[in-house]
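Before any comments, here is the structure.
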2 protein chains.
Amino acid sequence: MPLELKRVLIGKPLPTSRATHERLNNVQALAVFASDAVSSTAYATQEILLVLTTAGAAALGLSIPIALAITVLLAVITLSYQQTIFAYPTGGGAYLVCKDNLGPKIAQVAGAALLLDYILTVAVSVSAGVAALTSAYPVLHGHTVLICLAAILIIALGNIRGVRESGTVFAIPTYFFIVMACSLLLSGFYRYFTGHEPVVPHHSLVATESIGFFLILRAFASGCAALTGIEAISDGIQAFRPPESRNASKTMIAMSLLLGFIFLGITWLSHHYGISYREHDPQTVPSMLASAIFGRGFLYLAFQISTMGILFMGANTSYADFPRLCSFEARDGYLPRQLTNLGERLVFNNGILMLSLLASALLITFHGSTDRLIPLYAVGVFISFTLSQTGMVMRWRKMRTPGWRLKATINGLGATTTAIVCLIIGYTKFTHGAWIVVMLIPILVTVFLRINLHYQNVARQLRFDPALPKLRERAHNKVLVLVPSLNKGSLPAVEFAHTLSGTAVGFHIDTGRDPVLEERLHELWEKICPDMPLIIVHSPYREVVRPILQYIDEMKASGGGPVTVVLPEFVPRRFWHSILHNQTGLMIKWALLFKRDVVLCNYRYYLEQ
Amino acid sequence: MPLELKRVLIGKPLPTSRATHERLNNVQALAVFASDAVSSTAYATQEILLVLTTAGAAALGLSIPIALAITVLLAVITLSYQQTIFAYPTGGGAYLVCKDNLGPKIAQVAGAALLLDYILTVAVSVSAGVAALTSAYPVLHGHTVLICLAAILIIALGNIRGVRESGTVFAIPTYFFIVMACSLLLSGFYRYFTGHEPVVPHHSLVATESIGFFLILRAFASGCAALTGIEAISDGIQAFRPPESRNASKTMIAMSLLLGFIFLGITWLSHHYGISYREHDPQTVPSMLASAIFGRGFLYLAFQISTMGILFMGANTSYADFPRLCSFEARDGYLPRQLTNLGERLVFNNGILMLSLLASALLITFHGSTDRLIPLYAVGVFISFTLSQTGMVMRWRKMRTPGWRLKATINGLGATTTAIVCLIIGYTKFTHGAWIVVMLIPILVTVFLRINLHYQNVARQLRFDPALPKLRERAHNKVLVLVPSLNKGSLPAVEFAHTLSGTAVGFHIDTGRDPVLEERLHELWEKICPDMPLIIVHSPYREVVRPILQYIDEMKASGGGPVTVVLPEFVPRRFWHSILHNQTGLMIKWALLFKRDVVLCNYRYYLEQ
């Protein structure tokens, strides 16, 4: 039954040979790689307004220049990453680029930053997706965290089953959202410019802060969440059809244009429709905009559903990225090896599990609120942007291929810009939550490096010397078989010990409790095993473990190889019968577990009744 | 440190050779064996009055005829047990006598009844002892249960340390109480007959029940608690100096006389001093009597302390009886064998632990109230009295020694009387708690018999046939060594396997993940172990456990002895390093644990860093 349930939920196991990537055409590739980046338009504008609203209605107009600045940043990063795509046609994620050009230690910083960001992507995307749902159905509002956890459970199960980067599956929700978002923006522009729609005055807003440089920086930092996910293509170039780099490059440009258009469009319309936003507002900004433009009808509902869909798709991409990065780190020896284990369905189950648990923990801690999660977000992404672009600069300086100076300048511009943005986010959001990420990154890096040191130590200890050894032949093994009593159950163990080594000895402890039984054992042994010695140790204090350990020490003192201890063990028919049998064997096992140069052999005898 | 703490609390281990009994002179023996019986005078009168009080002041006079009836019963039982003492000079506890004369199955009924009663003796005696304390110090009243548990803890620790039946230790509290009780009674009689003390009128008592036959029977049943413990001497005749039976007989008569005198005395004086008792009264009956006779001074306090002392001594005797009976039952195969294990200090630690836990549970359940525990008590004792005396009757009928008819009549009288009392107690107290014991006894007997059946089955399976086998010599062992990779850590395991058997083979699973590593393994194996086969199994679904199990099945199919599987295992320097190493070994171990005819050998390699 549990196996059958597993098959229904997870599907049949897949052979290792099927672990190759499906090649995507550009339309499919856009759907696969754009979902993370484009879905951030669902919350980026709102996070800008959340900051500006605190300075009253007059400040809201600033959202447009801020959005424009972010779009310029988008262009710079896109340009910069174009070069990475051509330089690393087999895939140039930040971890790989850093390892290649800045060394494995710096790569750990990028790795730690990315891993944290993948976790946050899941948390933020799921919370925003659920917010799109609760905006449409306010009755669900009180159950936000529960719905978030259910969504994570479904996404995780789908990934353990192996939702691969299948173009067709991804195409539906991604293009659905793109179509709905473009329809919304075009209807909005049409209505606005034809004067159909009066500009709604801003609700009376009480300013709690004044408009200042810091406030503007903070709004900008919040809006930078829009840029998360744009690096995804550089990581997955191998998924494109040949010529891979050219196709990837085209797709990335298309993605950036789409992202820029939708982000700017939503921000501009939100301002002109007089939308403001505060924490705990029951509706998201896109929901308010859609209900203003579409009215609360079928189109509104379709837009909300499409928003939720693309956000869950965005979260889903982290389920491919996080376990894959973990497996890279593990393969390089910076994370536990078991993260490289492929599950039955060729996915990294351990990574999927870890990601789900951590994202769920975040959602519970922050009550499933996108607004509270945002300050933690984007710091990690911008650290990895900066490191990756810096790595590219080092690469050009090293390679000195034709035109390297221009290329280095472009990546240098990218690195500098993203570094500045990174400082802005870290500075303006520090007390709001960014401190957690700023603190966690060095801790994680330290852990990664310590793990690596351990693996290196182990590998050094296990490595053969250049002159390979030959398999040594030992004259005989030192074998000891414990004989509490001699009967049909323990005799096979004695025979086994005898076959292991001609010099095997029986070992018995006499606690002086029952002289009759002792006498009987001697007699039986003489008759059945006349040629095998039986060592009898008297234990006046009824100790069992210590005399065994002492005798083993004596055997070890004579040198040569470990001592093999054969322990006869009864296996009762029902496991709860075990409590009716002496627990001494268990104590001996436990003690021998911590004894060096002892090989413990459990010789089991199965009781039939 | 923990060992040192253990030594302070428990003392040094004792050799088995010291497990002999100290012989006691009759004065010491009276102290050792009388504490349980005589201590019941501290609550027996009170329990009679508790029942009679419900019928108003007029009923209280009935306490004297009831006490007289109980004293007659005491005489009958004493007479009956005199015969047991002479018939079983090596000790004739109810379990032994029943096993001898009524068969092992009926003996289980006596065993179950006695075990329950020993638990109740601890609970009742401790609660009554604490009541003696709280009567003197009312401020402690709210902490009854806590004080009870502390008392059990101290008694249990003392017994694990091995408070043996040391005459001198027991003599002090027992004789202290006897002296104090006799002083109290003599002072009371003197004052009463010299008219010093006016007869205190009974406080106004509201009758809630009328005086009827059932009420009288119920009061009688409650008072029978006075007789618990009088069988103790028959169990411990070997502790007396020769002639053992004669000395034991004399001591038992002395004990019965003392018990009868103190019980009757307290009951008579309580009536003539106008003492009544209800549940939740802050003072016990002996405490009220002592404060009436001695006044609330030093003598009163000494009496209370002596009462507490003898009650705790009474509880302490169960700590010798319960584990000993458990060990008898375990030796006969009706309880788990480990109950026969002697601890470091030659006591049955497991039995002591069980008794303490069960008695504590009772005290917590019944809020440490003697009055509520009493209805459960005495049923078990009278069942064992009845069975033991019935056994004696069967014995006389079988032996037909001179005068057997008289002896059988005496024991028959004892058996009939105690059987009637047993029915009275069970009937009148059934709804007050006796049902628990009546229900538990058959359950326990069933469990005991099932355990015995299991042990018999096991013994039959393990027994050699009359024609003893000879130690067989097997040509070779089938040995398999698992080789995930070949390095300094796994090579010793391969060598070990090779030494175990010349036909040992290496076994490797290729999951197709890393062809380079596979190639390297082949090369190394060729160079290092050219003469040993390496079985390589391809596992396209990356399974590890199943191919091993399949190959073992193939090896087993060729017949002859079990398959020995050598599993190389790394032991990291720090245990938490374990999570950094592949957990596959653990999975394999677990799977092989349930595989028949497999001997698992863990060959460990210790990492130094």
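Naming works like this for the structure tokens: A, B, ... for the chains as they're shown, residue 1 at the start of each chain, ligands 1 onward in shown order.
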Margin query: Please list as a count of residues only every residue within 9 Å of range 108-121 of chain B, counting only C-alpha atoms and excluding residues in the same chain fewer than 3 positions away.
Written below: 51
Next item on the list: Find the residues near His454 in chain B: any atom within 9 Å, counting only C-alpha atoms, skip ones fewer than 5 places away on the same chain, and give them as a PyMOL selection string.
Entry: (chain A and resi 577+580+609) or (chain B and resi 333+449+459)
Check: Could you pull out the alpha helix (DSSP H) residues of range 192-358 of chain B from DSSP and send them as a PyMOL selection string?
Finding: chain B and resi 192-193+213-223+232-235+244-272+285-294+298-331+349-358
Close residues, Leu413 in chain B itself excluded, 9 Å, only C-alpha atoms, min 5 positions apart in chain, as a PDB file with C-alpha atoms, in the first residue's frame:
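Written output follows (result_16.pdb):
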```pdb
ATOM      1  CA  VAL B  76      -7.225 -19.124  62.743  1.00  0.00           C
ATOM      2  CA  ILE B  77      -4.732 -17.943  60.135  1.00  0.00           C
ATOM      3  CA  SER B  80      -3.076 -22.638  59.900  1.00  0.00           C
ATOM      4  CA  GLN B 389      -4.131 -23.181  52.771  1.00  0.00           C
ATOM      5  CA  ALA B 408      -5.886 -31.180  56.880  1.00  0.00           C
ATOM      6  CA  THR B 418     -10.159 -16.971  54.436  1.00  0.00           C
TER       7      THR B 418
END
```
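Residues in contact with Val545 in chain A at 8 Å, where only C-alpha atoms are counted and same-chain residues fewer than 5 positions away are skipped, are listed as Met587, Ile588 and Ala591 of chain A.
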Dump as a PDB file, in the first residue's frame, selection limited to C-alpha atoms:
```
ATOM      1  CA  MET A 587      24.556  -4.108  25.756  1.00  0.00           C
ATOM      2  CA  ILE A 588      27.491  -6.011  24.279  1.00  0.00           C
ATOM      3  CA  ALA A 591      29.897  -1.479  23.921  1.00  0.00           C
TER       4      ALA A 591
END
```
Margin query: Just want the 12 Å neighbourhood of Phe214 in chain B, counted on only C-alpha atoms, with same-chain residues fewer than 5 positions away dropped. Output as a VMD selection string.
Written below: chain B and resid 51 to 52 55 209 219 to 221 424 to 425 427 to 429
How would the residues just chosen look if you wrote them out with C-alpha atoms as a short mmCIF file (atom, residue, chain, number, x, y, z; two decimals), in the first residue's frame?
```cif
data_model
loop_
_atom_site.label_atom_id
_atom_site.label_comp_id
_atom_site.auth_asym_id
_atom_site.auth_seq_id
_atom_site.Cartn_x
_atom_site.Cartn_y
_atom_site.Cartn_z
CA VAL B 51 -17.46 2.79 57.66
CA LEU B 52 -19.32 2.82 60.98
CA ALA B 55 -24.35 5.16 60.47
CA GLU B 209 -26.72 5.07 56.38
CA ALA B 219 -16.56 -2.47 58.30
CA PHE B 220 -15.25 -5.97 58.95
CA ALA B 221 -13.80 -6.14 55.41
CA ILE B 424 -16.91 -10.61 51.88
CA ILE B 425 -14.16 -8.18 50.97
CA TYR B 427 -18.47 -8.21 47.62
CA THR B 428 -18.65 -5.28 50.03
CA LYS B 429 -15.77 -3.35 48.49
#
```
Glu569 in chain A: which residues within 8 Å, counting only C-alpha atoms, same-chain residues fewer than 3 positions away excluded, as an mmCIF file with all heavy atoms, in the first residue's frame?
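The result, stored in result.cif:
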```cif
data_model
loop_
_atom_site.group_PDB
_atom_site.id
_atom_site.type_symbol
_atom_site.label_atom_id
_atom_site.label_comp_id
_atom_site.auth_asym_id
_atom_site.auth_seq_id
_atom_site.Cartn_x
_atom_site.Cartn_y
_atom_site.Cartn_z
ATOM 1 N N SER A 490 22.688 -21.378 19.136
ATOM 2 C CA SER A 490 24.027 -20.807 19.157
ATOM 3 C C SER A 490 25.044 -21.683 18.434
ATOM 4 O O SER A 490 26.089 -21.195 18.014
ATOM 5 C CB SER A 490 24.468 -20.539 20.599
ATOM 6 O OG SER A 490 24.457 -21.728 21.344
ATOM 7 N N GLY A 585 22.788 -9.080 24.958
ATOM 8 C CA GLY A 585 23.365 -8.961 23.623
ATOM 9 C C GLY A 585 23.410 -7.516 23.148
ATOM 10 O O GLY A 585 24.410 -7.067 22.581
ATOM 11 N N ASN A 602 26.930 -10.263 13.658
ATOM 12 C CA ASN A 602 25.727 -10.784 14.304
ATOM 13 C C ASN A 602 25.299 -12.031 13.572
ATOM 14 O O ASN A 602 24.926 -11.977 12.414
ATOM 15 C CB ASN A 602 24.589 -9.770 14.221
ATOM 16 C CG ASN A 602 24.905 -8.533 14.996
ATOM 17 O OD1 ASN A 602 25.350 -8.621 16.132
ATOM 18 N ND2 ASN A 602 24.726 -7.384 14.396
ATOM 19 N N TYR A 603 25.359 -13.147 14.262
ATOM 20 C CA TYR A 603 24.887 -14.376 13.640
ATOM 21 C C TYR A 603 23.494 -14.642 14.184
ATOM 22 O O TYR A 603 23.314 -14.923 15.368
ATOM 23 C CB TYR A 603 25.820 -15.540 13.956
ATOM 24 C CG TYR A 603 25.587 -16.688 13.007
ATOM 25 C CD1 TYR A 603 26.418 -16.904 11.930
ATOM 26 C CD2 TYR A 603 24.504 -17.533 13.171
ATOM 27 C CE1 TYR A 603 26.192 -17.931 11.052
ATOM 28 C CE2 TYR A 603 24.260 -18.563 12.290
ATOM 29 C CZ TYR A 603 25.109 -18.758 11.232
ATOM 30 O OH TYR A 603 24.877 -19.768 10.351
ATOM 31 N N ARG A 604 22.500 -14.545 13.300
ATOM 32 C CA ARG A 604 21.125 -14.601 13.782
ATOM 33 C C ARG A 604 20.519 -15.989 13.643
ATOM 34 O O ARG A 604 20.761 -16.694 12.671
ATOM 35 C CB ARG A 604 20.271 -13.591 13.016
ATOM 36 C CG ARG A 604 20.456 -12.194 13.531
ATOM 37 C CD ARG A 604 19.923 -11.192 12.568
ATOM 38 N NE ARG A 604 20.727 -11.154 11.355
ATOM 39 C CZ ARG A 604 20.369 -10.507 10.263
ATOM 40 N NH1 ARG A 604 19.233 -9.868 10.230
ATOM 41 N NH2 ARG A 604 21.146 -10.513 9.203
ATOM 42 N N TYR A 605 19.722 -16.341 14.641
ATOM 43 C CA TYR A 605 18.972 -17.582 14.592
ATOM 44 C C TYR A 605 17.501 -17.209 14.668
ATOM 45 O O TYR A 605 17.081 -16.506 15.584
ATOM 46 C CB TYR A 605 19.366 -18.474 15.777
ATOM 47 C CG TYR A 605 18.648 -19.800 15.776
ATOM 48 C CD1 TYR A 605 19.075 -20.818 14.925
ATOM 49 C CD2 TYR A 605 17.558 -20.021 16.599
ATOM 50 C CE1 TYR A 605 18.426 -22.035 14.914
ATOM 51 C CE2 TYR A 605 16.900 -21.243 16.590
ATOM 52 C CZ TYR A 605 17.341 -22.247 15.742
ATOM 53 O OH TYR A 605 16.698 -23.455 15.721
#
```
Margin query: So that I can check the surroundings of range 253-265 of chain B, please list as a PyMOL selection string every protein, DNA and RNA residue that reaches within 8 Å of it, counting only C-alpha atoms and ignoring chain neighbours fewer than 2 positions away.
Written below: chain B and resi 30+34+37-38+41+44-45+64+67-68+71+74-75+78+181-182+185+226+230+249-251+267-269
Output file for the residues above (N, CA and C atoms, as a short mmCIF file (atom, residue, chain, number, x, y, z; two decimals), in the first residue's frame):
```cif
data_model
loop_
_atom_site.label_atom_id
_atom_site.label_comp_id
_atom_site.auth_asym_id
_atom_site.auth_seq_id
_atom_site.Cartn_x
_atom_site.Cartn_y
_atom_site.Cartn_z
N LEU B 30 11.78 -11.01 64.77
CA LEU B 30 10.49 -10.39 65.04
C LEU B 30 10.46 -8.98 64.44
N ALA B 34 7.85 -8.56 61.57
CA ALA B 34 6.60 -8.05 62.14
C ALA B 34 6.24 -6.66 61.64
N ALA B 37 3.11 -6.53 59.33
CA ALA B 37 1.86 -6.89 59.99
C ALA B 37 1.48 -5.89 61.07
N VAL B 38 2.42 -5.61 61.99
CA VAL B 38 2.11 -4.74 63.14
C VAL B 38 1.79 -3.32 62.68
N THR B 41 -1.79 -1.88 62.21
CA THR B 41 -2.62 -1.34 63.31
C THR B 41 -2.75 0.17 63.21
N ALA B 44 -5.91 0.16 60.57
CA ALA B 44 -7.02 -0.79 60.54
C ALA B 44 -8.23 -0.26 61.32
N THR B 45 -8.02 0.22 62.55
CA THR B 45 -9.13 0.72 63.37
C THR B 45 -9.83 1.88 62.67
N ILE B 64 -15.92 -2.76 68.40
CA ILE B 64 -15.28 -3.72 69.30
C ILE B 64 -15.60 -5.17 68.92
N ALA B 67 -13.64 -5.90 65.75
CA ALA B 67 -12.21 -6.11 66.00
C ALA B 67 -11.97 -7.47 66.61
N LEU B 68 -12.91 -7.91 67.48
CA LEU B 68 -12.78 -9.23 68.09
C LEU B 68 -12.87 -10.32 67.02
N THR B 71 -9.74 -10.55 65.25
CA THR B 71 -8.72 -11.18 66.06
C THR B 71 -8.88 -12.70 66.05
N LEU B 74 -7.45 -13.80 62.93
CA LEU B 74 -6.00 -13.79 63.08
C LEU B 74 -5.52 -15.08 63.70
N ALA B 75 -6.23 -15.54 64.73
CA ALA B 75 -5.84 -16.78 65.41
C ALA B 75 -5.94 -17.97 64.46
N THR B 78 -3.12 -17.81 61.95
CA THR B 78 -1.84 -18.12 62.59
C THR B 78 -1.70 -19.62 62.80
N ALA B 181 3.59 2.15 71.26
CA ALA B 181 2.19 1.72 71.18
C ALA B 181 1.75 1.12 72.51
N CYS B 182 2.61 0.28 73.11
CA CYS B 182 2.23 -0.32 74.38
C CYS B 182 2.12 0.76 75.47
N LEU B 185 -1.23 2.42 75.00
CA LEU B 185 -2.36 1.60 75.42
C LEU B 185 -2.41 1.51 76.94
N ALA B 226 -5.86 -5.24 58.70
CA ALA B 226 -4.96 -5.46 59.83
C ALA B 226 -4.15 -6.74 59.66
N ILE B 230 0.90 -10.96 57.79
CA ILE B 230 1.20 -11.99 58.80
C ILE B 230 1.80 -13.24 58.16
N SER B 249 8.15 -20.50 64.15
CA SER B 249 6.83 -20.71 64.74
C SER B 249 6.64 -19.84 65.98
N LYS B 250 7.64 -19.87 66.86
CA LYS B 250 7.56 -19.04 68.08
C LYS B 250 7.41 -17.57 67.74
N THR B 251 8.23 -17.14 66.80
CA THR B 251 8.22 -15.72 66.42
C THR B 251 6.87 -15.34 65.84
N THR B 267 -8.51 -0.15 69.12
CA THR B 267 -9.93 -0.10 68.79
C THR B 267 -10.76 0.17 70.05
N TRP B 268 -10.45 -0.55 71.12
CA TRP B 268 -11.21 -0.41 72.37
C TRP B 268 -11.09 1.01 72.91
N LEU B 269 -9.85 1.50 73.00
CA LEU B 269 -9.64 2.84 73.55
C LEU B 269 -10.26 3.91 72.67
#
```
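Relative to CA of Gly142 in chain A, CA of Ala207 in chain A is found at 28.4 Å.
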Check: Which residue out of A:Gly560, A:Gly236, A:Pro336, A:Gly295 has the minimum interatomic distance to chain B when only C-alpha atoms are used?
Finding: A:Pro336
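Ranking B:Ser35, B:Ser327, B:Thr584, B:Gln338 by their shortest atom-to-atom distance to chain A, with only C-alpha atoms included, puts B:Gln338 first.
For the residues A:Trp576, A:Phe430, A:Tyr455, A:Phe86, ranking by smallest atom-to-atom distance to chain B using only C-alpha atoms places A:Tyr455 first.
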